[in-house]
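Colleague: Below is structure.tsv; it holds TSV, C-alpha atoms.
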chain	number	residue	atom	x	y	z
A	1	MET	CA	-6.15	-13.59	-4.05
A	2	PRO	CA	-6.50	-14.77	-7.60
A	3	GLY	CA	-7.44	-12.32	-10.28
A	4	THR	CA	-6.90	-11.16	-13.76
A	5	ALA	CA	-3.59	-10.68	-15.46
A	6	GLY	CA	-1.76	-7.71	-14.06
A	7	PRO	CA	1.06	-5.41	-15.02
A	8	THR	CA	3.56	-6.66	-17.56
A	9	PRO	CA	7.04	-6.56	-16.04
A	10	ALA	CA	9.92	-5.32	-18.10
A	11	ALA	CA	12.86	-7.41	-19.16
A	12	GLY	CA	15.10	-8.49	-16.33
A	13	SER	CA	12.63	-7.90	-13.51
A	14	ALA	CA	12.13	-9.63	-10.21
A	15	SER	CA	8.70	-10.69	-9.06
A	16	VAL	CA	7.77	-10.86	-5.40
A	17	PRO	CA	4.15	-12.03	-5.32
A	18	GLY	CA	3.10	-12.82	-1.77
A	19	GLU	CA	6.58	-13.37	-0.54
A	20	ALA	CA	8.23	-14.29	-3.79
A	21	PHE	CA	10.73	-12.93	-6.24
A	22	GLY	CA	11.53	-13.70	-9.85
A	23	GLU	CA	13.24	-12.54	-12.99
A	24	GLN	CA	11.50	-12.21	-16.29
A	25	PRO	CA	11.88	-10.73	-19.73
A	26	GLY	CA	8.54	-9.19	-20.69
A	27	ALA	CA	6.00	-11.71	-19.43
A	28	THR	CA	2.54	-10.88	-18.21
A	29	ARG	CA	1.76	-11.68	-14.56
A	30	PRO	CA	-0.73	-14.51	-14.94
A	31	ALA	CA	-3.71	-15.04	-12.73
A	32	ASP	CA	-5.37	-17.87	-10.89
A	33	ASP	CA	-6.17	-21.26	-12.33
A	34	PRO	CA	-6.40	-24.60	-10.55
A	35	VAL	CA	-4.48	-27.64	-11.64
A	36	PRO	CA	-5.68	-31.20	-11.14
A	37	GLY	CA	-3.46	-33.62	-9.33
A	38	PRO	CA	-0.58	-33.12	-6.91
A	39	ALA	CA	2.05	-30.50	-7.53
A	40	PRO	CA	5.51	-29.95	-6.11
A	41	GLU	CA	6.02	-27.06	-3.75
A	42	ALA	CA	5.95	-23.75	-5.54
A	43	THR	CA	4.33	-20.35	-5.35
A	44	ARG	CA	1.06	-18.56	-5.85
A	45	PRO	CA	2.15	-15.03	-6.64
A	46	ALA	CA	-0.34	-12.79	-4.93
A	47	ASP	CA	-3.28	-12.86	-7.27
A	48	GLY	CA	-1.68	-14.88	-9.82
A	49	PRO	CA	-0.05	-16.94	-11.77
A	50	ALA	CA	-2.57	-18.84	-13.70
A	51	PRO	CA	-2.64	-22.54	-13.08
A	52	GLY	CA	-1.32	-24.79	-15.75
A	53	ALA	CA	-4.21	-25.77	-17.88
A	54	SER	CA	-2.20	-24.72	-20.91
A	55	ALA	CA	-1.74	-27.35	-23.60
A	56	ALA	CA	1.58	-25.91	-24.66
A	57	VAL	CA	4.09	-24.19	-22.44
A	58	VAL	CA	6.36	-21.48	-23.72
A	59	HIS	CA	9.01	-20.42	-21.25
A	60	THR	CA	8.81	-16.67	-20.80
A	61	GLY	CA	11.88	-16.27	-18.64
A	62	LEU	CA	10.03	-15.17	-15.50
A	63	THR	CA	11.36	-16.80	-12.36
A	64	LEU	CA	9.10	-16.77	-9.31
A	65	VAL	CA	10.76	-17.30	-5.96
A	66	VAL	CA	8.57	-18.08	-2.98
A	67	LEU	CA	9.85	-17.50	0.54
A	68	SER	CA	8.09	-20.52	1.95
A	69	PRO	CA	5.95	-20.08	5.07
A	70	ASN	CA	5.81	-22.50	7.97
A	71	ASP	CA	2.01	-22.64	8.11
A	72	PRO	CA	0.98	-26.01	6.62
A	73	MET	CA	-2.31	-24.76	5.13
A	74	THR	CA	-0.59	-21.91	3.31
A	75	ARG	CA	2.09	-24.26	2.06
A	76	GLY	CA	-0.62	-26.61	0.84
A	77	GLN	CA	-2.28	-23.87	-1.19
A	78	LEU	CA	1.08	-22.91	-2.64
A	79	ARG	CA	1.71	-26.50	-3.72
A	80	ARG	CA	-1.65	-26.64	-5.50
A	81	MET	CA	-0.92	-23.35	-7.24
A	82	ALA	CA	2.50	-24.48	-8.43
A	83	GLU	CA	1.38	-25.55	-11.86
A	84	LEU	CA	-0.19	-22.15	-12.36
A	85	ALA	CA	3.12	-20.50	-13.00
A	86	ARG	CA	4.69	-23.51	-14.66
A	87	GLY	CA	1.70	-23.91	-16.96
A	88	GLU	CA	2.14	-20.30	-18.03
A	89	GLY	CA	5.78	-20.94	-18.86
A	90	HIS	CA	7.42	-19.51	-15.75
A	91	GLU	CA	10.15	-21.01	-13.64
A	92	VAL	CA	9.37	-21.49	-9.94
A	93	ARG	CA	12.00	-21.42	-7.24
A	94	TRP	CA	11.04	-22.58	-3.72
A	95	GLU	CA	13.11	-21.24	-0.85
A	96	GLU	CA	12.88	-22.76	2.63
A	97	ALA	CA	13.42	-19.26	3.93
A	98	ARG	CA	12.30	-20.07	7.45
A	99	GLY	CA	13.82	-23.52	7.71
A	100	GLY	CA	16.20	-22.89	10.61
A	101	ALA	CA	18.62	-20.35	12.02
A	102	THR	CA	20.87	-20.29	8.96
A	103	ALA	CA	18.04	-20.34	6.37
A	104	PRO	CA	17.75	-16.53	6.06
A	105	PHE	CA	21.47	-16.22	5.30
A	106	HIS	CA	21.28	-18.87	2.55
A	107	THR	CA	18.12	-17.31	1.11
A	108	VAL	CA	19.39	-13.74	1.08
A	109	GLY	CA	22.79	-14.78	-0.26
A	110	GLY	CA	21.25	-16.88	-3.00
A	111	LEU	CA	18.81	-14.18	-4.11
A	112	ALA	CA	21.19	-11.24	-3.99
A	113	PRO	CA	22.55	-11.64	-7.57
A	114	LEU	CA	19.02	-12.03	-8.93
A	115	LEU	CA	17.78	-8.94	-7.13
A	116	ARG	CA	20.73	-6.77	-8.07
A	117	ARG	CA	20.25	-7.30	-11.78
A	118	ALA	CA	16.43	-7.02	-11.74
A	119	LYS	CA	14.91	-3.89	-13.29
A	120	ARG	CA	11.46	-4.45	-11.80
A	121	ILE	CA	10.40	-5.93	-8.47
A	122	VAL	CA	6.86	-7.22	-7.94
A	123	MET	CA	5.87	-7.96	-4.35
A	124	GLY	CA	2.72	-9.16	-2.69
A	125	ASP	CA	3.33	-8.26	0.95
A	126	PRO	CA	5.15	-4.99	1.66
A	127	PHE	CA	4.61	-5.54	5.40
A	128	SER	CA	6.73	-8.71	5.38
A	129	ARG	CA	10.05	-8.18	7.13
A	130	TYR	CA	11.62	-10.62	4.72
A	131	VAL	CA	10.40	-8.65	1.71
A	132	GLN	CA	11.51	-5.39	3.31
A	133	LEU	CA	14.97	-6.83	3.89
A	134	LEU	CA	15.26	-7.99	0.28
A	135	LEU	CA	14.16	-4.57	-0.94
A	136	THR	CA	17.32	-3.11	0.55
A	137	ILE	CA	19.37	-5.29	-1.81
A	138	THR	CA	17.75	-4.51	-5.14
A	139	ARG	CA	18.62	-1.58	-7.37
A	140	ALA	CA	15.36	-1.88	-9.32
A	141	ARG	CA	13.75	1.46	-10.18
A	142	ASP	CA	10.33	-0.05	-10.92
A	143	LEU	CA	8.43	-1.48	-7.93
A	144	VAL	CA	4.96	-3.06	-8.07
A	145	VAL	CA	2.79	-4.19	-5.15
A	146	VAL	CA	0.37	-6.89	-6.32
A	147	ASP	CA	-2.15	-7.90	-3.68
A	148	ASP	CA	-5.91	-8.17	-3.24
A	149	GLY	CA	-5.74	-8.30	0.55
A	150	THR	CA	-7.30	-5.71	2.83
A	151	ALA	CA	-3.78	-4.92	4.05
A	152	THR	CA	-3.19	-3.18	0.72
A	153	MET	CA	-5.63	-0.46	1.76
A	154	GLU	CA	-3.65	0.12	4.94
A	155	PHE	CA	-0.31	0.01	3.15
A	156	VAL	CA	-1.29	2.74	0.69
A	157	SER	CA	-2.71	4.93	3.47
A	158	GLN	CA	0.43	4.57	5.58
A	159	LEU	CA	2.62	5.35	2.59
A	160	ALA	CA	0.56	8.46	1.82
A	161	ARG	CA	0.92	9.69	5.41
A	162	GLY	CA	4.60	8.83	5.66
A	163	GLU	CA	4.00	6.45	8.56
A	164	ARG	CA	5.98	3.35	9.44
A	165	LEU	CA	4.70	0.19	7.80
A	166	VAL	CA	2.80	-1.91	10.35
A	167	ARG	CA	-0.11	-4.32	9.90
A	168	TRP	CA	-3.48	-2.84	10.86
A	169	HIS	CA	-4.20	-5.25	13.74
A	170	ARG	CA	-0.91	-4.22	15.40
A	171	ARG	CA	-1.50	-0.49	15.06
A	172	GLY	CA	-1.64	1.41	18.33
A	173	GLY	CA	0.57	-1.05	20.21
A	174	ARG	CA	4.06	-0.32	21.46
A	175	PRO	CA	6.85	-1.57	19.18
A	176	GLY	CA	8.51	-4.70	20.53
A	177	PRO	CA	12.26	-5.38	20.69
A	178	ARG	CA	12.25	-6.98	17.23
A	179	ASP	CA	10.43	-3.96	15.81
A	180	LEU	CA	13.07	-1.65	17.21
A	181	VAL	CA	15.94	-3.76	15.88
A	182	PHE	CA	14.31	-4.03	12.46
A	183	GLY	CA	13.32	-0.35	12.42
A	184	PRO	CA	16.11	0.88	10.11
A	185	VAL	CA	15.36	-1.84	7.53
A	186	SER	CA	11.64	-1.06	7.61
A	187	ALA	CA	12.34	2.66	7.21
A	188	SER	CA	14.60	1.94	4.25
A	189	ALA	CA	11.91	-0.22	2.62
A	190	ARG	CA	9.35	2.55	3.08
A	191	ARG	CA	11.67	5.02	1.35
A	192	ARG	CA	12.20	2.54	-1.51
A	193	LEU	CA	8.42	2.21	-1.86
A	194	THR	CA	7.97	5.97	-2.05
A	195	PRO	CA	8.05	7.30	-5.63
A	196	GLY	CA	10.98	9.55	-6.35
A	197	SER	CA	13.30	10.72	-9.03
A	198	GLY	CA	13.77	7.81	-11.44
A	199	ARG	CA	11.77	5.42	-9.23
A	200	ARG	CA	8.26	4.24	-10.22
A	201	VAL	CA	5.82	2.62	-7.78
A	202	GLU	CA	2.60	0.87	-8.83
A	203	VAL	CA	-0.19	-0.88	-6.91
A	204	PHE	CA	-2.25	-3.57	-8.67
A	205	SER	CA	-5.28	-4.53	-6.59
A	206	SER	CA	-9.03	-5.00	-6.50
A	207	MET	CA	-9.17	-3.21	-3.16
A	208	PRO	CA	-10.69	0.30	-3.05
A	209	ILE	CA	-7.83	2.76	-2.75
A	210	THR	CA	-8.93	6.28	-1.91
A	211	GLU	CA	-5.80	7.80	-0.40
A	212	THR	CA	-3.15	7.50	-3.09
A	213	PRO	CA	0.35	8.86	-2.41
A	214	ASP	CA	1.71	11.33	-4.92
A	215	GLY	CA	3.36	9.52	-7.81
A	216	VAL	CA	1.92	6.06	-7.05
A	217	HIS	CA	0.17	4.47	-10.03
A	218	VAL	CA	-2.92	2.38	-9.21
A	219	THR	CA	-4.20	-0.35	-11.57
A	220	ALA	CA	-7.52	-2.04	-10.77
A	221	ASN	CA	-7.82	-5.82	-10.82
A	222	ASP	CA	-11.32	-6.59	-12.12
A	223	PHE	CA	-11.00	-10.40	-12.24
A	224	SER	CA	-11.95	-10.49	-15.91
A	225	TRP	CA	-9.40	-13.24	-16.56
A	226	THR	CA	-10.90	-15.42	-13.85
A	227	ARG	CA	-14.44	-14.97	-15.18
A	228	ALA	CA	-13.32	-15.79	-18.70
A	229	ARG	CA	-11.41	-18.89	-17.60
A	230	PHE	CA	-13.90	-20.49	-15.18
A	231	GLY	CA	-17.61	-20.91	-14.67
A	232	PRO	CA	-20.25	-19.90	-14.41
A	233	PRO	CA	-20.52	-22.11	-11.32
A	234	ARG	CA	-23.32	-24.49	-10.45
A	235	LEU	CA	-25.31	-22.98	-7.56
A	236	THR	CA	-26.65	-24.87	-4.56
A	237	LYS	CA	-29.84	-23.98	-2.68
A	238	GLY	CA	-28.18	-23.26	0.65
A	239	ALA	CA	-25.76	-20.64	1.91
A	240	ASP	CA	-22.00	-20.91	2.43
A	241	LEU	CA	-20.10	-19.10	5.17
A	242	VAL	CA	-16.55	-17.78	4.79
A	243	GLY	CA	-14.33	-17.91	7.86
A	244	THR	CA	-11.90	-15.33	9.13
A	245	SER	CA	-8.69	-15.33	11.18
A	246	LEU	CA	-9.77	-12.38	13.37
A	247	VAL	CA	-9.73	-14.68	16.40
A	248	GLU	CA	-6.24	-15.94	15.61
A	249	THR	CA	-4.91	-12.38	15.23
A	250	GLY	CA	-6.31	-11.45	18.64
A	251	VAL	CA	-8.95	-9.02	17.36
A	252	VAL	CA	-12.21	-10.90	18.07
A	253	ASP	CA	-13.11	-12.91	21.17
A	254	PRO	CA	-13.40	-16.63	20.28
A	255	ASP	CA	-16.66	-17.20	22.20
A	256	ARG	CA	-18.30	-14.20	20.55
A	257	TYR	CA	-17.14	-15.41	17.15
A	258	VAL	CA	-18.62	-18.89	17.65
A	259	GLU	CA	-21.92	-17.39	18.74
A	260	ALA	CA	-21.94	-15.13	15.67
A	261	VAL	CA	-21.35	-18.11	13.37
A	262	LYS	CA	-24.16	-19.98	15.13
A	263	GLY	CA	-26.50	-17.06	14.53
A	264	LEU	CA	-25.64	-16.79	10.83
A	265	THR	CA	-25.97	-20.54	10.35
A	266	LYS	CA	-29.41	-20.65	11.93
A	267	THR	CA	-30.75	-17.50	10.25
A	268	TYR	CA	-29.52	-18.13	6.72
A	269	GLY	CA	-29.40	-21.92	6.60
A	270	ALA	CA	-25.65	-22.12	5.99
A	271	THR	CA	-24.33	-25.63	5.43
A	272	ARG	CA	-20.63	-25.19	4.68
A	273	TYR	CA	-17.89	-23.14	6.35
A	274	PHE	CA	-14.88	-22.28	4.17
A	275	ALA	CA	-12.02	-21.91	6.63
A	276	HIS	CA	-9.38	-19.23	6.37
A	277	ARG	CA	-5.97	-20.83	5.98
A	278	ARG	CA	-4.81	-19.39	9.33
A	279	GLU	CA	-7.75	-20.60	11.40
A	280	SER	CA	-6.78	-23.00	14.18
A	281	THR	CA	-7.79	-26.64	14.15
A	282	GLU	CA	-9.21	-26.29	17.67
A	283	LYS	CA	-11.55	-23.44	16.68
A	284	LEU	CA	-12.72	-25.24	13.54
A	285	HIS	CA	-13.46	-28.41	15.51
A	286	ARG	CA	-15.52	-26.38	17.97
A	287	LEU	CA	-17.46	-24.76	15.13
A	288	ALA	CA	-18.20	-28.14	13.58
A	289	VAL	CA	-19.48	-29.56	16.87
A	290	GLU	CA	-21.54	-26.54	17.94
A	291	THR	CA	-22.97	-25.47	14.58
A	292	GLY	CA	-23.16	-28.66	12.52
A	293	LEU	CA	-21.45	-26.91	9.62
A	294	GLU	CA	-19.32	-28.88	7.20
A	295	ILE	CA	-15.82	-27.43	7.60
A	296	VAL	CA	-14.01	-27.06	4.28
A	297	ARG	CA	-10.27	-26.40	4.13
A	298	PRO	CA	-9.83	-24.99	0.60
A	299	ASP	CA	-6.69	-26.08	-1.20
A	300	LEU	CA	-7.12	-23.22	-3.68
A	301	PRO	CA	-7.94	-19.54	-3.18
A	302	LEU	CA	-11.64	-19.06	-2.49
A	303	GLU	CA	-12.21	-17.00	-5.63
A	304	LEU	CA	-11.30	-20.07	-7.67
A	305	ILE	CA	-13.35	-22.41	-5.51
A	306	ALA	CA	-16.40	-20.19	-5.89
A	307	ARG	CA	-15.99	-19.60	-9.60
A	308	ARG	CA	-15.60	-23.30	-10.34
A	309	GLY	CA	-18.52	-24.24	-8.05
A	310	PRO	CA	-20.65	-25.67	-6.76
A	311	ILE	CA	-21.25	-22.68	-4.48
A	312	GLY	CA	-24.20	-21.45	-2.42
A	313	ARG	CA	-26.55	-18.84	-3.81
A	314	THR	CA	-25.69	-16.77	-0.76
A	315	ILE	CA	-22.15	-16.37	0.54
A	316	LEU	CA	-21.88	-14.97	4.07
A	317	SER	CA	-18.72	-13.31	5.29
A	318	PHE	CA	-17.33	-11.13	8.02
A	319	PRO	CA	-15.27	-8.07	6.96
A	320	SER	CA	-12.40	-9.47	4.90
A	321	THR	CA	-10.82	-9.50	1.47
A	322	VAL	CA	-13.55	-11.70	-0.04
A	323	VAL	CA	-16.27	-9.04	0.32
A	324	HIS	CA	-14.31	-7.16	-2.34
A	325	THR	CA	-13.01	-10.00	-4.51
A	326	LEU	CA	-15.96	-12.42	-4.66
A	327	PRO	CA	-18.44	-9.94	-6.20
A	328	LEU	CA	-15.89	-9.35	-8.97
A	329	ALA	CA	-15.11	-13.03	-9.50
A	330	LEU	CA	-18.81	-13.96	-9.46
A	331	ALA	CA	-20.13	-11.05	-11.51
A	332	GLY	CA	-22.83	-12.21	-13.91
A	333	THR	CA	-24.03	-15.03	-11.65
A	334	GLU	CA	-26.97	-15.12	-9.25
A	335	VAL	CA	-24.73	-15.42	-6.19
A	336	ARG	CA	-25.38	-12.89	-3.45
A	337	VAL	CA	-22.44	-11.91	-1.24
A	338	ALA	CA	-23.49	-10.67	2.21
A	339	VAL	CA	-21.18	-9.21	4.86
A	340	CYS	CA	-21.89	-9.18	8.58
A	341	ASP	CA	-20.51	-6.26	10.56
A	342	ILE	CA	-18.33	-6.86	13.61
A	343	ASP	CA	-20.06	-5.71	16.78
A	344	PRO	CA	-17.64	-3.65	18.92
A	345	ALA	CA	-18.61	-5.90	21.84
A	346	TRP	CA	-16.90	-8.82	20.08
A	347	LEU	CA	-13.47	-7.19	20.17
A	348	THR	CA	-10.89	-8.38	22.67
A	349	ALA	CA	-9.44	-6.10	25.32
A	350	THR	CA	-6.09	-6.24	23.53
A	351	ALA	CA	-7.44	-5.44	20.06
A	352	SER	CA	-5.81	-2.49	18.33
A	353	PRO	CA	-7.68	0.82	18.76
A	354	ARG	CA	-7.62	0.92	14.96
A	355	ALA	CA	-9.50	-2.39	14.63
A	356	GLN	CA	-13.13	-1.26	14.64
A	357	GLY	CA	-12.56	1.61	12.25
A	358	PHE	CA	-10.55	-0.53	9.87
A	359	LEU	CA	-13.11	-3.35	9.81
A	360	SER	CA	-15.96	-0.89	9.29
A	361	GLY	CA	-14.01	0.61	6.40
A	362	VAL	CA	-13.54	-2.80	4.80
A	363	THR	CA	-17.31	-3.35	4.89
A	364	GLY	CA	-18.32	0.18	3.98
A	365	THR	CA	-16.15	0.35	0.88
A	366	ALA	CA	-17.26	-3.03	-0.51
A	367	ARG	CA	-19.27	-2.81	-3.72
A	368	ASP	CA	-22.15	-5.07	-4.79
A	369	VAL	CA	-22.56	-6.73	-1.39
A	370	HIS	CA	-25.52	-6.96	0.94
A	371	ARG	CA	-24.72	-5.53	4.35
A	372	LEU	CA	-26.03	-7.36	7.41
A	373	SER	CA	-26.26	-5.81	10.84
A	374	ALA	CA	-24.09	-7.32	13.58
A	375	VAL	CA	-25.35	-10.81	14.25
A	376	THR	CA	-26.53	-9.92	17.72
A	377	THR	CA	-29.94	-9.52	16.05
A	378	ALA	CA	-29.74	-13.07	14.74
A	379	ILE	CA	-28.50	-14.87	17.85
Go ahead and express the file in the form of structure tokens.
Modeller:
Amino acid sequence: MPGTAGPTPAAGSASVPGEAFGEQPGATRPADDPVPGPAPEATRPADGPAPGASAAVVHTGLTLVVLSPNDPMTRGQLRRMAELARGEGHEVRWEEARGGATAPFHTVGGLAPLLRRAKRIVMGDPFSRYVQLLLTITRARDLVVVDDGTATMEFVSQLARGERLVRWHRRGGRPGPRDLVFGPVSASARRRLTPGSGRRVEVFSSMPITETPDGVHVTANDFSWTRARFGPPRLTKGADLVGTSLVETGVVDPDRYVEAVKGLTKTYGATRYFAHRRESTEKLHRLAVETGLEIVRPDLPLELIARRGPIGRTILSFPSTVVHTLPLALAGTEVRVAVCDIDPAWLTATASPRAQGFLSGVTGTARDVHRLSAVTTAI
């Protein structure tokens, strides 16, 4: 999620953070920064733009275009992050890209001129079918993937091996009818994201990337901007627990997950549960009733919430993005980030064969975290 300022796009580029595009002459991709008060719908470009705490705004010419999701929690975070980009002098364009059967045609048609003249494209989700479709329109020779999600690790590995682009929790399953229909577009996007003659590809991320395709430039996000802008946070005596959407994606059994959260809460004295934006209301209600945890629905990325404080001296998490990003955002504080492994017994029967290995890799490659054994020992 949020981070430090990233690559500086060239003049006439298009930015696609998360699922967003834009056009800019020479502006730096800003980072995260919360803005007080309500904001109109806009975008949080993956890991950036900095929220508008600026006293003076100088328009840089960058236009960010968000392909709005349907999920209300994600939309809410995007609204709160709107002033980020505007405060840094960027224009924000909100597209109701999923607002009905004709919405994709209006969105693609409206963005086509912008994409065709862009010299650089910055995207936050190369697995998105929408982003892959829009990549077939642009003639840009400079492509940048900006994302601090664990999916970035999988994307780079798939690109290096020349495999089709598919999210890790769907690996190993048979392609559905939509996958087959969309296959040619996905294959075209993969070719566009493969460095070649006159085409540059860069990845800007805090994730550990060990398998880099030939010709791909990797720039590390160290969250220095975030640390300079916020904090240090006030620390509470208790522990906070970070939720995950592994149940919602069909990877972890819901009953096992609830029992694991109970065990962590009892063992480490957790008092608050920061919900992932994709967690279901039903599951969160059950957690509140059965664990006594205060359920918090963050309206800003967790790295900002933690850096601003107050935050627990111990932050507990399952394998996810935050075990990589929070130690960077909270460097120099006394906060301890601890990650609990996923016991193979918690996986559902339909979980991807790749799931256990991927989740173990997320935990094993995390730096500056305390590793907890599967919570079976704590239940």
Colleague: Hey, what's within 6 Å of segment 311-317 of chain A if we count all atoms listed in the file and toss same-chain stuff fewer than 2 positions away? As a ChimeraX atom specification, please?
Modeller: /A:235-236,238-242,306,309,335-339
Colleague: Record the distance separating atom CA of Arg297 of chain A and atom CA of Leu284 of chain A, expressed in Å with one decimal.
Modeller: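 That distance, rounded to one decimal, is 9.8 Å.
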Colleague: Atom CA of Arg307 of chain A to atom CA of Cys340 of chain A: how many Å, to one decimal?
Modeller: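 These atoms are spaced 21.8 Å apart.
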Colleague: Between atom CA of Thr365 of chain A and atom CA of Pro254 of chain A, measure the distance and give it in Å to one decimal.
Modeller: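 Separating atom CA of Thr365 of chain A from atom CA of Pro254 of chain A is a distance of 25.9 Å.
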Colleague: Which residues are near Arg200 of chain A? Cut-off 10 Å, only C-alpha atoms, ignore same chain within fewer than 5 positions. Put them as a compact mmCIF listing (two decimals) with C-alpha atoms, keeping the file's coordinate frame.
Modeller:
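Writing done, so here's out-v7.txt:
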# COMPACT_ATOMS: atom_id res chain seq x y z
CA ARG A 120 11.46 -4.45 -11.80
CA ALA A 140 15.36 -1.88 -9.32
CA ARG A 141 13.75 1.46 -10.18
CA ASP A 142 10.33 -0.05 -10.92
CA LEU A 143 8.43 -1.48 -7.93
CA VAL A 144 4.96 -3.06 -8.07
CA ARG A 192 12.20 2.54 -1.51
CA LEU A 193 8.42 2.21 -1.86
CA THR A 194 7.97 5.97 -2.05
CA PRO A 195 8.05 7.30 -5.63
CA GLY A 215 3.36 9.52 -7.81
CA VAL A 216 1.92 6.06 -7.05
CA HIS A 217 0.17 4.47 -10.03
